[in-house]
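Data from query30.pdb: PDB, C-alpha atoms
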```pdb
ATOM      1  CA  MET A  28       0.000   0.000   0.000
ATOM      2  CA  ASN A  29       1.441   3.390  -0.979
ATOM      3  CA  PHE A  30       1.740   6.372   1.343
ATOM      4  CA  LYS A  31      -1.206   8.180  -0.282
ATOM      5  CA  ASN A  32      -3.590   5.320   0.510
ATOM      6  CA  LYS A  33      -2.242   5.135   4.055
ATOM      7  CA  LYS A  34      -3.010   8.842   4.516
ATOM      8  CA  ILE A  35      -6.569   8.177   3.376
ATOM      9  CA  LEU A  36      -6.894   5.418   6.003
ATOM     10  CA  PHE A  37      -5.520   7.797   8.654
ATOM     11  CA  ILE A  38      -8.114  10.437   7.775
ATOM     12  CA  ALA A  39     -10.837   7.771   7.771
ATOM     13  CA  GLY A  40      -9.675   6.705  11.252
ATOM     14  CA  LEU A  41      -9.888  10.263  12.530
ATOM     15  CA  ILE A  42     -13.372  10.690  11.102
ATOM     16  CA  THR A  43     -14.504   7.379  12.591
ATOM     17  CA  GLY A  44     -13.067   8.340  15.987
ATOM     18  CA  ALA A  45     -14.761  11.746  15.870
ATOM     19  CA  ILE A  46     -18.107  10.113  15.062
ATOM     20  CA  CYS A  47     -17.720   7.775  18.035
ATOM     21  CA  ILE A  48     -16.993  10.730  20.338
ATOM     22  CA  ILE A  49     -20.095  12.515  19.046
ATOM     23  CA  LEU A  50     -22.150   9.392  19.829
ATOM     24  CA  THR A  51     -21.211   9.517  23.554
ATOM     25  CA  PHE A  52     -24.739  10.729  24.280
ATOM     26  CA  ILE A  53     -25.860   7.166  23.503
ATOM     27  CA  SER A  54     -23.185   5.458  25.583
ATOM     28  CA  ASP A  55     -19.885   6.410  27.282
ATOM     29  CA  VAL A  56     -18.349   3.411  25.520
ATOM     30  CA  PHE A  57     -18.311   5.397  22.285
ATOM     31  CA  LEU A  58     -16.103   8.031  23.924
ATOM     32  CA  ILE A  59     -13.494   5.431  24.862
ATOM     33  CA  VAL A  60     -13.677   3.732  21.466
ATOM     34  CA  GLY A  61     -13.412   7.075  19.697
ATOM     35  CA  PHE A  62     -10.236   8.106  21.524
ATOM     36  CA  LEU A  63      -8.746   4.624  20.980
ATOM     37  CA  ILE A  64      -9.392   4.798  17.220
ATOM     38  CA  ILE A  65      -7.889   8.288  16.998
ATOM     39  CA  GLY A  66      -4.858   7.267  19.064
ATOM     40  CA  VAL A  67      -4.203   4.143  16.988
ATOM     41  CA  SER A  68      -4.620   6.189  13.783
ATOM     42  CA  PHE A  69      -1.935   8.652  14.912
ATOM     43  CA  LEU A  70       0.425   5.808  15.895
ATOM     44  CA  LEU A  71      -0.030   4.045  12.574
ATOM     45  CA  PHE A  72       0.342   7.291  10.621
ATOM     46  CA  ASP A  73       3.613   8.038  12.400
ATOM     47  CA  LYS A  74       4.826   4.531  11.564
ATOM     48  CA  TYR A  75       3.813   4.898   7.906
ATOM     49  CA  ARG A  76       5.479   8.338   7.704
ATOM     50  CA  LYS A  77       8.786   6.925   8.958
ATOM     51  CA  GLU A  78       8.546   4.007   6.510
ATOM     52  CA  GLU A  79       7.920   6.438   3.654
ATOM     53  CA  LYS A  80      10.893   8.543   4.728
ATOM     54  CA  ARG A  81      13.176   5.474   4.765
ATOM     55  CA  HIS A  82      11.805   4.394   1.390
ATOM     56  CA  ASN A  83      12.549   7.819  -0.142
ATOM     57  CA  GLU A  84      16.037   7.813   1.357
ATOM     58  CA  ASP A  85      16.693   4.364  -0.132
ATOM     59  CA  GLU A  86      15.451   5.529  -3.544
ATOM     60  CA  ASN A  87      17.681   8.597  -3.396
ATOM     61  CA  LEU A  88      20.671   6.452  -2.505
ATOM     62  CA  LEU A  89      19.906   4.096  -5.399
ATOM     63  CA  GLU A  90      19.447   7.001  -7.806
ATOM     64  CA  ASN A  91      22.719   8.580  -6.704
ATOM     65  CA  LYS A  92      24.427   5.223  -7.085
ATOM     66  CA  ASN A  93      23.059   4.841 -10.623
ATOM     67  CA  ILE A  94      24.123   8.395 -11.512
ATOM     68  CA  THR A  95      27.599   7.663 -10.173
ATOM     69  CA  GLN A  96      27.765   4.462 -12.232
ATOM     70  CA  VAL A  97      26.678   6.323 -15.376
ATOM     71  CA  ASN A  98      29.199   9.091 -14.730
ATOM     72  CA  ASN A  99      31.961   6.566 -14.098
ATOM     73  CA  SER A 100      31.051   4.760 -17.314
ATOM     74  CA  GLU A 101      31.053   8.031 -19.281
ATOM     75  CA  LEU A 102      34.401   9.011 -17.792
ATOM     76  CA  SER A 103      35.840   5.578 -18.540
ATOM     77  CA  THR A 104      34.610   5.798 -22.150
ATOM     78  CA  TYR A 105      36.103   9.281 -22.468
ATOM     79  CA  LYS A 106      39.509   8.164 -21.206
ATOM     80  CA  GLU A 107      39.473   5.211 -23.588
ATOM     81  CA  LEU A 108      38.551   7.409 -26.549
ATOM     82  CA  ILE A 109      41.225  10.056 -25.998
ATOM     83  CA  SER A 110      43.864   7.329 -25.647
ATOM     84  CA  ASN A 111      43.483   6.491 -29.366
ATOM     85  CA  ASP A 112      46.000   7.556 -31.968
ATOM     86  CA  PHE A 113      44.228   9.979 -34.292
ATOM     87  CA  SER A 114      47.105  10.379 -36.739
ATOM     88  CA  LEU A 115      45.871  10.752 -40.321
ATOM     89  CA  ASP A 116      48.549   8.267 -41.405
ATOM     90  CA  ASN A 117      46.636   5.491 -39.626
ATOM     91  CA  ILE A 118      43.489   6.019 -41.702
ATOM     92  CA  ASP A 119      43.671   3.451 -44.485
ATOM     93  CA  SER A 120      40.118   3.579 -45.879
ATOM     94  CA  ASN A 121      36.997   5.666 -46.240
ATOM     95  CA  PHE A 122      35.170   3.567 -43.625
ATOM     96  CA  ASN A 123      38.121   3.847 -41.258
ATOM     97  CA  ALA A 124      37.844   7.628 -41.605
ATOM     98  CA  SER A 125      34.155   7.377 -40.682
ATOM     99  CA  LEU A 126      34.996   5.358 -37.555
ATOM    100  CA  VAL A 127      37.564   7.972 -36.550
ATOM    101  CA  LEU A 128      34.955  10.697 -37.051
ATOM    102  CA  MET A 129      32.533   8.753 -34.849
ATOM    103  CA  ALA A 130      35.162   8.624 -32.102
ATOM    104  CA  LEU A 131      36.055  12.325 -32.421
ATOM    105  CA  ASN A 132      32.409  13.353 -32.209
ATOM    106  CA  GLN A 133      31.905  11.140 -29.160
ATOM    107  CA  ILE A 134      34.850  12.852 -27.487
ATOM    108  CA  LYS A 135      33.510  16.298 -28.333
ATOM    109  CA  GLU A 136      30.018  15.470 -27.020
ATOM    110  CA  ASN A 137      31.249  13.782 -23.816
ATOM    111  CA  ALA A 138      30.440  15.672 -20.603
ATOM    112  CA  TYR A 139      34.064  15.312 -19.484
ATOM    113  CA  PHE A 140      35.566  16.766 -22.657
ATOM    114  CA  ASN A 141      38.435  19.156 -22.015
ATOM    115  CA  PRO A 142      40.436  20.463 -25.016
ATOM    116  CA  ASN A 143      43.561  20.328 -22.875
ATOM    117  CA  ASP A 144      43.279  16.526 -22.659
ATOM    118  CA  ILE A 145      44.261  16.129 -26.324
ATOM    119  CA  ASN A 146      47.221  17.476 -28.296
ATOM    120  CA  PHE A 147      45.235  18.688 -31.316
ATOM    121  CA  ASP A 148      42.352  21.019 -32.159
ATOM    122  CA  ILE A 149      39.382  18.666 -32.379
ATOM    123  CA  ASP A 150      37.405  20.759 -34.898
ATOM    124  CA  ILE A 151      40.397  20.971 -37.243
ATOM    125  CA  LYS A 152      40.970  17.226 -36.852
ATOM    126  CA  ILE A 153      37.329  16.476 -37.678
ATOM    127  CA  GLU A 154      37.563  18.588 -40.839
ATOM    128  CA  GLN A 155      40.831  16.876 -41.865
ATOM    129  CA  VAL A 156      39.376  13.391 -41.391
ATOM    130  CA  GLN A 157      36.211  14.326 -43.294
ATOM    131  CA  GLN A 158      38.275  15.565 -46.231
ATOM    132  CA  LEU A 159      40.453  12.446 -46.171
ATOM    133  CA  GLY A 160      37.427  10.149 -46.242
ATOM    134  CA  LYS A 161      35.869  12.149 -49.065
ATOM    135  CA  LYS A 162      39.136  12.023 -51.023
ATOM    136  CA  LYS A 163      39.274   8.239 -50.732
ATOM    137  CA  PHE A 164      35.699   7.963 -52.000
ATOM    138  CA  LEU A 165      36.255  10.327 -54.935
ATOM    139  CA  GLU A 166      39.301   8.302 -55.980
ATOM    140  CA  SER A 167      37.154   5.140 -56.174
ATOM    141  CA  LYS A 168      35.808   3.495 -59.291
ATOM    142  CA  TYR A 169      32.154   3.885 -58.297
ATOM    143  CA  LYS A 170      32.029   7.542 -57.279
ATOM    144  CA  ASP A 171      29.187   7.832 -59.804
ATOM    145  CA  PHE A 172      26.117   5.775 -58.890
ATOM    146  CA  ILE A 173      22.353   5.815 -58.362
ATOM    147  CA  ALA A 174      20.802   5.231 -54.953
ATOM    148  CA  VAL A 175      17.431   3.477 -55.090
ATOM    149  CA  ASP A 176      14.616   3.005 -52.603
ATOM    150  CA  THR A 177      11.088   1.669 -52.947
ATOM    151  CA  GLU A 178       7.939   1.735 -50.850
ATOM    152  CA  THR A 179       5.578  -1.199 -51.301
ATOM    153  CA  THR A 180       2.163  -2.586 -50.372
ATOM    154  CA  GLY A 181       3.842  -5.330 -48.324
ATOM    155  CA  LEU A 182       6.867  -7.571 -47.967
ATOM    156  CA  ASP A 183       6.128 -10.221 -50.618
ATOM    157  CA  SER A 184       7.575  -9.247 -54.009
ATOM    158  CA  PHE A 185       5.393 -11.868 -55.754
ATOM    159  CA  ASN A 186       2.036 -10.714 -54.376
ATOM    160  CA  ASP A 187       2.729  -7.111 -53.349
ATOM    161  CA  ARG A 188       3.523  -4.122 -55.530
ATOM    162  CA  ILE A 189       5.726  -1.002 -55.611
ATOM    163  CA  ILE A 190       3.836   2.198 -54.715
ATOM    164  CA  GLN A 191       6.742   4.676 -54.709
ATOM    165  CA  ILE A 192      10.208   4.633 -56.232
ATOM    166  CA  ALA A 193      13.093   7.051 -55.838
ATOM    167  CA  LEU A 194      16.373   7.163 -57.749
ATOM    168  CA  ILE A 195      19.088   9.628 -56.712
ATOM    169  CA  LYS A 196      21.896  10.135 -59.241
ATOM    170  CA  VAL A 197      25.343  10.969 -57.854
ATOM    171  CA  LYS A 198      28.370  12.178 -59.846
ATOM    172  CA  ASP A 199      31.723  12.894 -58.217
ATOM    173  CA  GLY A 200      30.158  12.703 -54.781
ATOM    174  CA  GLU A 201      27.379  15.214 -55.531
ATOM    175  CA  ILE A 202      23.665  14.650 -56.126
ATOM    176  CA  VAL A 203      22.999  15.818 -59.675
ATOM    177  CA  ASP A 204      19.556  14.433 -60.539
ATOM    178  CA  LYS A 205      16.511  12.727 -59.052
ATOM    179  CA  PHE A 206      13.704  10.520 -60.320
ATOM    180  CA  ILE A 207      10.904  10.239 -57.745
ATOM    181  CA  SER A 208       7.403   8.974 -58.441
ATOM    182  CA  TYR A 209       4.372   7.400 -56.871
ATOM    183  CA  VAL A 210       3.340   4.186 -58.596
ATOM    184  CA  ASN A 211      -0.232   3.024 -59.128
ATOM    185  CA  PRO A 212      -0.164  -0.594 -57.869
ATOM    186  CA  GLN A 213      -3.637  -1.314 -59.257
ATOM    187  CA  MET A 214      -4.517  -2.826 -55.904
ATOM    188  CA  HIS A 215      -5.601  -1.635 -52.463
ATOM    189  CA  ILE A 216      -2.918  -0.412 -50.044
ATOM    190  CA  SER A 217      -3.573  -2.011 -46.679
ATOM    191  CA  PRO A 218      -3.818   0.143 -43.511
ATOM    192  CA  GLU A 219      -0.794  -1.753 -42.154
ATOM    193  CA  ALA A 220       1.351  -0.681 -45.118
ATOM    194  CA  SER A 221       0.072   2.911 -44.989
ATOM    195  CA  LYS A 222       0.924   3.092 -41.301
ATOM    196  CA  ILE A 223       4.568   2.379 -42.174
ATOM    197  CA  ASN A 224       5.095   4.425 -45.348
ATOM    198  CA  ASN A 225       2.280   6.990 -44.978
ATOM    199  CA  ILE A 226       1.108   6.325 -48.549
ATOM    200  CA  TYR A 227      -2.605   5.826 -49.189
ATOM    201  CA  ASP A 228      -4.822   4.840 -52.124
ATOM    202  CA  ASN A 229      -5.602   8.499 -52.901
ATOM    203  CA  ASP A 230      -1.883   9.262 -53.230
ATOM    204  CA  VAL A 231      -1.380   6.754 -56.033
ATOM    205  CA  LYS A 232      -4.733   6.557 -57.819
ATOM    206  CA  ASN A 233      -3.685   9.030 -60.541
ATOM    207  CA  ALA A 234      -0.045   7.902 -60.723
ATOM    208  CA  LYS A 235       1.435   5.928 -63.616
ATOM    209  CA  THR A 236       1.704   2.162 -63.362
ATOM    210  CA  ILE A 237       5.140   0.578 -63.045
ATOM    211  CA  LYS A 238       4.910  -0.558 -66.682
ATOM    212  CA  GLU A 239       4.355   3.034 -67.774
ATOM    213  CA  LEU A 240       7.281   4.169 -65.621
ATOM    214  CA  PHE A 241       9.840   1.500 -66.534
ATOM    215  CA  PRO A 242      11.053   3.155 -69.783
ATOM    216  CA  SER A 243      11.812   6.383 -67.882
ATOM    217  CA  ILE A 244      13.401   4.460 -65.004
ATOM    218  CA  LEU A 245      15.701   2.468 -67.299
ATOM    219  CA  GLU A 246      16.632   5.587 -69.255
ATOM    220  CA  PHE A 247      17.501   7.355 -65.998
ATOM    221  CA  ILE A 248      19.632   4.445 -64.749
ATOM    222  CA  GLU A 249      21.659   4.103 -67.972
ATOM    223  CA  ASP A 250      24.669   1.975 -67.010
ATOM    224  CA  TYR A 251      25.138   3.375 -63.505
ATOM    225  CA  PRO A 252      25.672   0.929 -60.632
ATOM    226  CA  LEU A 253      22.819   0.927 -58.107
ATOM    227  CA  VAL A 254      23.084   1.357 -54.347
ATOM    228  CA  MET A 255      20.327   0.202 -51.977
ATOM    229  CA  HIS A 256      19.879  -0.424 -48.282
ATOM    230  CA  ASN A 257      18.762  -4.049 -47.965
ATOM    231  CA  ALA A 258      19.231  -4.548 -51.707
ATOM    232  CA  ARG A 259      17.716  -8.038 -51.599
ATOM    233  CA  PHE A 260      14.324  -6.490 -50.807
ATOM    234  CA  ASP A 261      14.340  -3.662 -53.368
ATOM    235  CA  MET A 262      15.899  -5.723 -56.163
ATOM    236  CA  ALA A 263      13.365  -8.521 -55.636
ATOM    237  CA  PHE A 264      10.488  -6.084 -56.135
ATOM    238  CA  ILE A 265      12.067  -4.346 -59.133
ATOM    239  CA  LYS A 266      12.925  -7.649 -60.834
ATOM    240  CA  ASP A 267       9.483  -9.159 -60.196
ATOM    241  CA  GLU A 268       7.740  -6.017 -61.441
ATOM    242  CA  TYR A 269       9.902  -6.085 -64.577
ATOM    243  CA  TYR A 270       9.082  -9.741 -65.219
ATOM    244  CA  ARG A 271       5.333  -9.111 -64.829
ATOM    245  CA  CYS A 272       5.568  -6.224 -67.305
ATOM    246  CA  TYR A 273       7.759  -7.829 -69.979
ATOM    247  CA  GLY A 274       7.592 -11.573 -69.375
ATOM    248  CA  LYS A 275      11.378 -11.846 -69.138
ATOM    249  CA  ASN A 276      14.147 -11.295 -66.634
ATOM    250  CA  MET A 277      15.471  -7.803 -66.068
ATOM    251  CA  PRO A 278      18.920  -7.142 -67.590
ATOM    252  CA  LYS A 279      21.732  -7.649 -65.085
ATOM    253  CA  VAL A 280      22.839  -4.578 -63.203
ATOM    254  CA  LYS A 281      25.742  -3.999 -60.829
ATOM    255  CA  TYR A 282      24.552  -3.034 -57.362
ATOM    256  CA  PHE A 283      25.766  -2.511 -53.803
ATOM    257  CA  CYS A 284      23.969  -3.040 -50.521
ATOM    258  CA  THR A 285      24.767  -0.520 -47.772
ATOM    259  CA  MET A 286      23.356  -2.858 -45.136
ATOM    260  CA  LYS A 287      25.837  -5.627 -46.040
ATOM    261  CA  LEU A 288      28.599  -3.076 -46.509
ATOM    262  CA  TRP A 289      28.052  -1.764 -42.983
ATOM    263  CA  GLN A 290      27.921  -5.277 -41.489
ATOM    264  CA  GLU A 291      31.091  -6.490 -43.209
ATOM    265  CA  LEU A 292      33.175  -3.344 -42.682
ATOM    266  CA  TYR A 293      32.148  -3.000 -39.050
ATOM    267  CA  LEU A 294      33.172  -6.590 -38.391
ATOM    268  CA  LYS A 295      36.474  -6.031 -40.218
ATOM    269  CA  TYR A 296      37.459  -2.873 -38.332
ATOM    270  CA  GLN A 297      35.766  -3.343 -34.968
ATOM    271  CA  GLY A 298      36.266  -7.101 -34.649
ATOM    272  CA  GLU A 299      32.640  -7.721 -33.698
ATOM    273  CA  LYS A 300      29.231  -7.993 -35.318
ATOM    274  CA  VAL A 301      27.314  -4.752 -35.610
ATOM    275  CA  PRO A 302      24.388  -4.442 -33.139
ATOM    276  CA  ASN A 303      21.955  -3.611 -35.948
ATOM    277  CA  ALA A 304      22.092  -2.509 -39.558
ATOM    278  CA  LYS A 305      18.983  -0.367 -39.923
ATOM    279  CA  LEU A 306      19.343   2.634 -42.199
ATOM    280  CA  ASN A 307      18.560   4.889 -39.243
ATOM    281  CA  THR A 308      21.561   3.439 -37.378
ATOM    282  CA  LEU A 309      23.906   4.205 -40.269
ATOM    283  CA  VAL A 310      22.522   7.730 -40.538
ATOM    284  CA  LEU A 311      23.052   8.433 -36.825
ATOM    285  CA  ASN A 312      26.589   7.036 -36.862
ATOM    286  CA  LEU A 313      27.951   8.216 -40.208
ATOM    287  CA  LEU A 314      26.281  11.512 -41.124
ATOM    288  CA  THR A 315      26.715  15.051 -39.840
ATOM    289  CA  PRO A 316      24.150  16.615 -37.452
ATOM    290  CA  GLN A 317      22.759  18.690 -40.345
ATOM    291  CA  GLU A 318      22.323  15.611 -42.545
ATOM    292  CA  ILE A 319      20.710  13.724 -39.652
ATOM    293  CA  SER A 320      18.178  16.502 -39.084
ATOM    294  CA  GLU A 321      17.301  16.546 -42.797
ATOM    295  CA  TYR A 322      16.738  12.782 -42.733
ATOM    296  CA  SER A 323      14.530  12.997 -39.627
ATOM    297  CA  ILE A 324      12.197  15.529 -41.222
ATOM    298  CA  ASP A 325      10.718  13.025 -43.695
ATOM    299  CA  LYS A 326      11.959   9.653 -42.492
ATOM    300  CA  HIS A 327      10.700   6.544 -44.284
ATOM    301  CA  SER A 328       9.703   7.917 -47.653
ATOM    302  CA  ALA A 329      11.405   6.530 -50.748
ATOM    303  CA  ASP A 330      13.151   9.794 -51.658
ATOM    304  CA  CYS A 331      14.337  10.494 -48.118
ATOM    305  CA  ASP A 332      15.640   6.948 -47.672
ATOM    306  CA  ALA A 333      17.330   6.979 -51.081
ATOM    307  CA  ILE A 334      19.149  10.233 -50.242
ATOM    308  CA  ALA A 335      20.217   8.820 -46.868
ATOM    309  CA  THR A 336      21.406   5.647 -48.606
ATOM    310  CA  CYS A 337      23.546   7.578 -51.095
ATOM    311  CA  LYS A 338      25.120   9.612 -48.282
ATOM    312  CA  VAL A 339      26.004   6.653 -46.057
ATOM    313  CA  PHE A 340      27.420   4.829 -49.085
ATOM    314  CA  MET A 341      29.779   7.748 -49.680
ATOM    315  CA  LYS A 342      30.940   7.424 -46.060
ATOM    316  CA  MET A 343      31.842   3.742 -46.470
ATOM    317  CA  TYR A 344      32.876   2.847 -50.010
ATOM    318  CA  ASP A 345      36.308   2.970 -51.628
ATOM    319  CA  ASP A 346      38.180   0.708 -54.046
ATOM    320  CA  GLY A 347      39.353  -1.497 -51.176
ATOM    321  CA  VAL A 348      35.770  -2.714 -50.748
ATOM    322  CA  GLN A 349      34.501  -5.753 -52.570
ATOM    323  CA  GLN A 350      31.040  -5.584 -54.192
ATOM    324  CA  VAL A 351      28.439  -6.863 -51.730
TER     325      VAL A 351
END
```
As structure tokens:
Amino acid sequence: MNFKNKKILFIAGLITGAICIILTFISDVFLIVGFLIIGVSFLLFDKYRKEEKRHNEDENLLENKNITQVNNSELSTYKELISNDFSLDNIDSNFNASLVLMALNQIKENAYFNPNDINFDIDIKIEQVQQLGKKKFLESKYKDFIAVDTETTGLDSFNDRIIQIALIKVKDGEIVDKFISYVNPQMHISPEASKINNIYDNDVKNAKTIKELFPSILEFIEDYPLVMHNARFDMAFIKDEYYRCYGKNMPKVKYFCTMKLWQELYLKYQGEKVPNAKLNTLVLNLLTPQEISEYSIDKHSADCDAIATCKVFMKMYDDGVQQV
């Protein structure tokens, strides 16, 4: 029973005792009973008050202990981070540069950060590492590519359909063109799907079908390699839609999967499996605060996800990476 309920019982005891005292005109016994009830109520209330005080003191001690543990953990993490060698000569890949940037930003955001603890200007170092990572990407074979994302009526590429497609064309590390369109799936979009992608029947009813869009899509792609997050999903839908339209397999296309890229590179450089490989995780770890805020504005639309995919790809890929 919590202290609030115990206070209610105390008040009820006082009221009951007062009523008994009032009823002394019937019998003197009520006077005795009334004072007994009031006395017991005060004794119990005092007991409950002391218990509540001890309980609050215990909670405060536990909270202070937890805060101390968190602070100790943050301090320990900080000391471990600043002990790293942040020499540019040790950065051997684009992804390695991204890991170094992650560490530098963690140092800068740590509550214990003191510029005097390190022998370099952290903002200058961050800029240098960013430029080094970008240089490694721009020297790579696939600095020109198209990031692709789709939104669908469900998860089954055989029975479900594409309802939005986005293609973001990148040349020399810069977005130069976009192809974004709703797609009329010629079927009902379930409430479950709409809840995820925020696309409804009214959004697509006047859109072109995928068959009407394919010529423009293929013309836009040309011979560019494609980049997708969870490429198995998007490629399955695109290939199945193509087959339904033309009765033959889609021409082979070179593509990369940022989800697999993240998993394999993280394991290579960190020596452990990545906790998760959601696009949101890559965005939070690899992109700048400005890029993160832009992604959060319209998260989980095909165009927003495609832009995020192209940006995280440019933070990971270089010619030392095998196609995945």
**OP:** Rank A:Ala130, A:Ile190, A:Ala258, A:Val197 by their smallest atom-to-atom distance to Ile226 in chain A, using only C-alpha atoms, and report the top residue only.
**Re:** A:Ile190
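Using all atoms listed in the file, the protein and nucleic acid residues lying no more than 10 Å from range 247-254 of chain A, apart from those fewer than 5 places from it along its own chain, are Tyr169, Lys170, Asp171, Phe172, Ile173, Ala174, Val175, Asp176, Leu194, Ile195, Lys196, Val197, Asp204, Lys205, Phe206, Phe241, Pro242, Met262, Val280, Lys281, Tyr282, Phe283, Cys284, Thr285, Ala333, Thr336, Cys337 and Phe340 of chain A.
Using only C-alpha atoms, the protein and nucleic acid residues lying no more than 10 Å from Thr179 in chain A, apart from those fewer than 5 places from it along its own chain, are Ser184, Asp187, Arg188, Ile189, Ile190, Gln191, Ile192, Val210, Pro212, Ile216, Ala220, Ser221, Ile223, Asn224, Ile226, Asp261, Phe264 and Ala329 of chain A.
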Subject >> Target residues per the PyMOL selection byres ((chain A and resi 134) around 10), formatted as a list in words >> reply: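 Evaluating the PyMOL selection byres ((chain A and resi 134) around 10) on these coordinates yields Thr104, Tyr105, Lys106, Glu107, Leu108, Ile109, Leu128, Met129, Ala130, Leu131, Asn132, Gln133, Lys135, Glu136, Asn137, Ala138, Tyr139, Phe140, Asn141, Pro142 and Ile149 of chain A.
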**OP:** Fewer than 3 positions away in the same chain doesn't count, so skip those; otherwise give me all residues within 9 Å of Ser217 in chain A, counting all atoms listed in the file, as a PyMOL selection string.
**Re:** chain A and resi 180-181+220-222+227-228
Written selection (C-alpha atoms) as a compact mmCIF listing (two decimals), in the frame of the given file:
```txt
# COMPACT_ATOMS: atom_id res chain seq x y z
CA THR A 180 2.16 -2.59 -50.37
CA GLY A 181 3.84 -5.33 -48.32
CA ALA A 220 1.35 -0.68 -45.12
CA SER A 221 0.07 2.91 -44.99
CA LYS A 222 0.92 3.09 -41.30
CA TYR A 227 -2.60 5.83 -49.19
CA ASP A 228 -4.82 4.84 -52.12
```
Subject >> Residues in the PyMOL selection byres ((chain A and resi 168) around 12), expressed as a ChimeraX atom specification >> reply: /A:163-167,169-172,198-200,251-252,344-350
Subject >> d(CA of Gln157 in chain A, CA of Ala124 in chain A) in Å >> reply: 7.1 Å
**OP:** To one decimal in Å, tell me the separation between CA of Glu321 in chain A and CA of Ile334 in chain A.
**Re:**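 If I compute the distance from CA of Glu321 in chain A to CA of Ile334 in chain A, I get 9.9 Å.
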Give one line per residue of range 154-272 of chain A that approaches range 112-117 of chain A to at most 10 Å, naming the two atoms of the closest pair and their distance in Å to one decimal, counting only C-alpha atoms; sort by chain then ascending residue number and deliver it as a Markdown table.
```
| residue | atom | partner | partner_atom | distance |
| --- | --- | --- | --- | --- |
| A:Gln155 | CA | A:Leu115 | CA | 8.1 |
| A:Val156 | CA | A:Leu115 | CA | 7.1 |
| A:Leu159 | CA | A:Leu115 | CA | 8.2 |
```
Subject >> Target residues per the PyMOL selection byres ((chain A and resi 277) around 12), formatted as number ranges by chain >> reply: A: 241, 245, 262-276, 278-280
Original post:
So, counting only C-alpha atoms, which residue among A:Met214, A:Ile207, A:Leu294, A:Leu288 is closest to Ser243 in chain A?
Top reply: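 Of all the options, A:Ile207 lies closest to Ser243 in chain A.
Minimum atom-to-atom distances from A:Lys232, A:Lys287, A:Lys162, A:Lys74 to Lys305 in chain A were compared using all atoms listed in the file, and the lowest value belongs to A:Lys287.
Across the model, the gap from CA of Asp332 in chain A to CA of Asn211 in chain A is 20.0 Å.
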Original post:
Which one of A:Leu240, A:Asn146, A:Ile153, A:Val231 sits closest to Glu178 in chain A if you count all atoms listed in the file?
Top reply: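 Ranking A:Leu240, A:Asn146, A:Ile153, A:Val231 by distance to Glu178 in chain A, first place goes to A:Val231.
A distance cut-off of 9 Å around (38.1, 4.4, -43.9), counting all atoms listed in the file, selects these protein and nucleic acid residues: Ile118, Asp119, Ser120, Asn121, Phe122, Asn123, Ala124, Ser125, Leu126, Val127, Leu159, Gly160, Lys163, Lys342, Met343, Tyr344 and Asp345 of chain A.
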